[in-house]
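S.K.: Attaching a single structure in structure tokens format; questions to follow.
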Amino acid sequence: MKAAIRATEKLHDLGQSLWLDNITRDLLIGGTLHRYVQEFSVTGLTSNPTIFDHAIKNSRDYDAIRQKLKISIK
């Protein structure tokens, strides 16, 4: 893991922005995003609608909010 941290720090020092294209509820509330920002110099997030749609359909992480909003998955 130290090699990965050094590599991302080096990219950051060279002016490269590191982005994640994987936003999940666990990433946001589980502390992982905070750790990525601190340890890997992640500077941004992006959401591909297709990936997000896939995450909702193939995960139980969003069941409660879907039920609350009365959203069904087809």
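Chain labels run A, B, ... following the order of the structure tokens; each chain numbers its residues from 1, and ligands are numbered from 1 in the order shown.
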For the structure I just gave you, how does DSSP split chain A - specifically, which residues are strand (DSSP E)? Reply as a PyMOL selection string.
M.R.: chain A and resi 18-20+42-45
S.K.: Give me the residues near Ile23 of chain A as a list in words, where near means some atom within 12 Å (using only C-alpha atoms) and where sequence neighbours in that chain fewer than 2 positions away do not count.
M.R.: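 Close residues of Ile23 of chain A: Trp19, Leu20, Asp21, Arg25, Asp26, Leu27, Leu28, Ile29, Gly30, Thr32, Leu33, Gly44, Leu45, Thr46, Ser47, Asn48, Pro49, Thr50, Ile51, Phe52, Asp53, His54, Ala55, Ile56 and Asp61 of chain A.
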S.K.: Between atom CA of Asn22 of chain A and atom CA of Leu69 of chain A, what is the distance in Å, rounded to a tenth?
M.R.: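 Atom CA of Leu69 of chain A lies 22.8 Å from atom CA of Asn22 of chain A.
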S.K.: Enumerate, as a ChimeraX atom specification, the complete set of residues in segment 24-74 of chain A that a backbone-based DSSP assignment places in alpha helix (DSSP H).
M.R.: /A:25-29,32-40,49-57,63-69
S.K.: Do you know which residues are at most 12 Å from Thr8 of chain A counting only C-alpha atoms, after dropping those on the same chain fewer than 3 positions away, and could you put them as a ChimeraX atom specification?
M.R.: /A:1-5,11-19,36-43
S.K.: Do you have the atom CA of Arg60 of chain A-atom CA of Thr24 of chain A distance handy?
M.R.: 11.3 Å
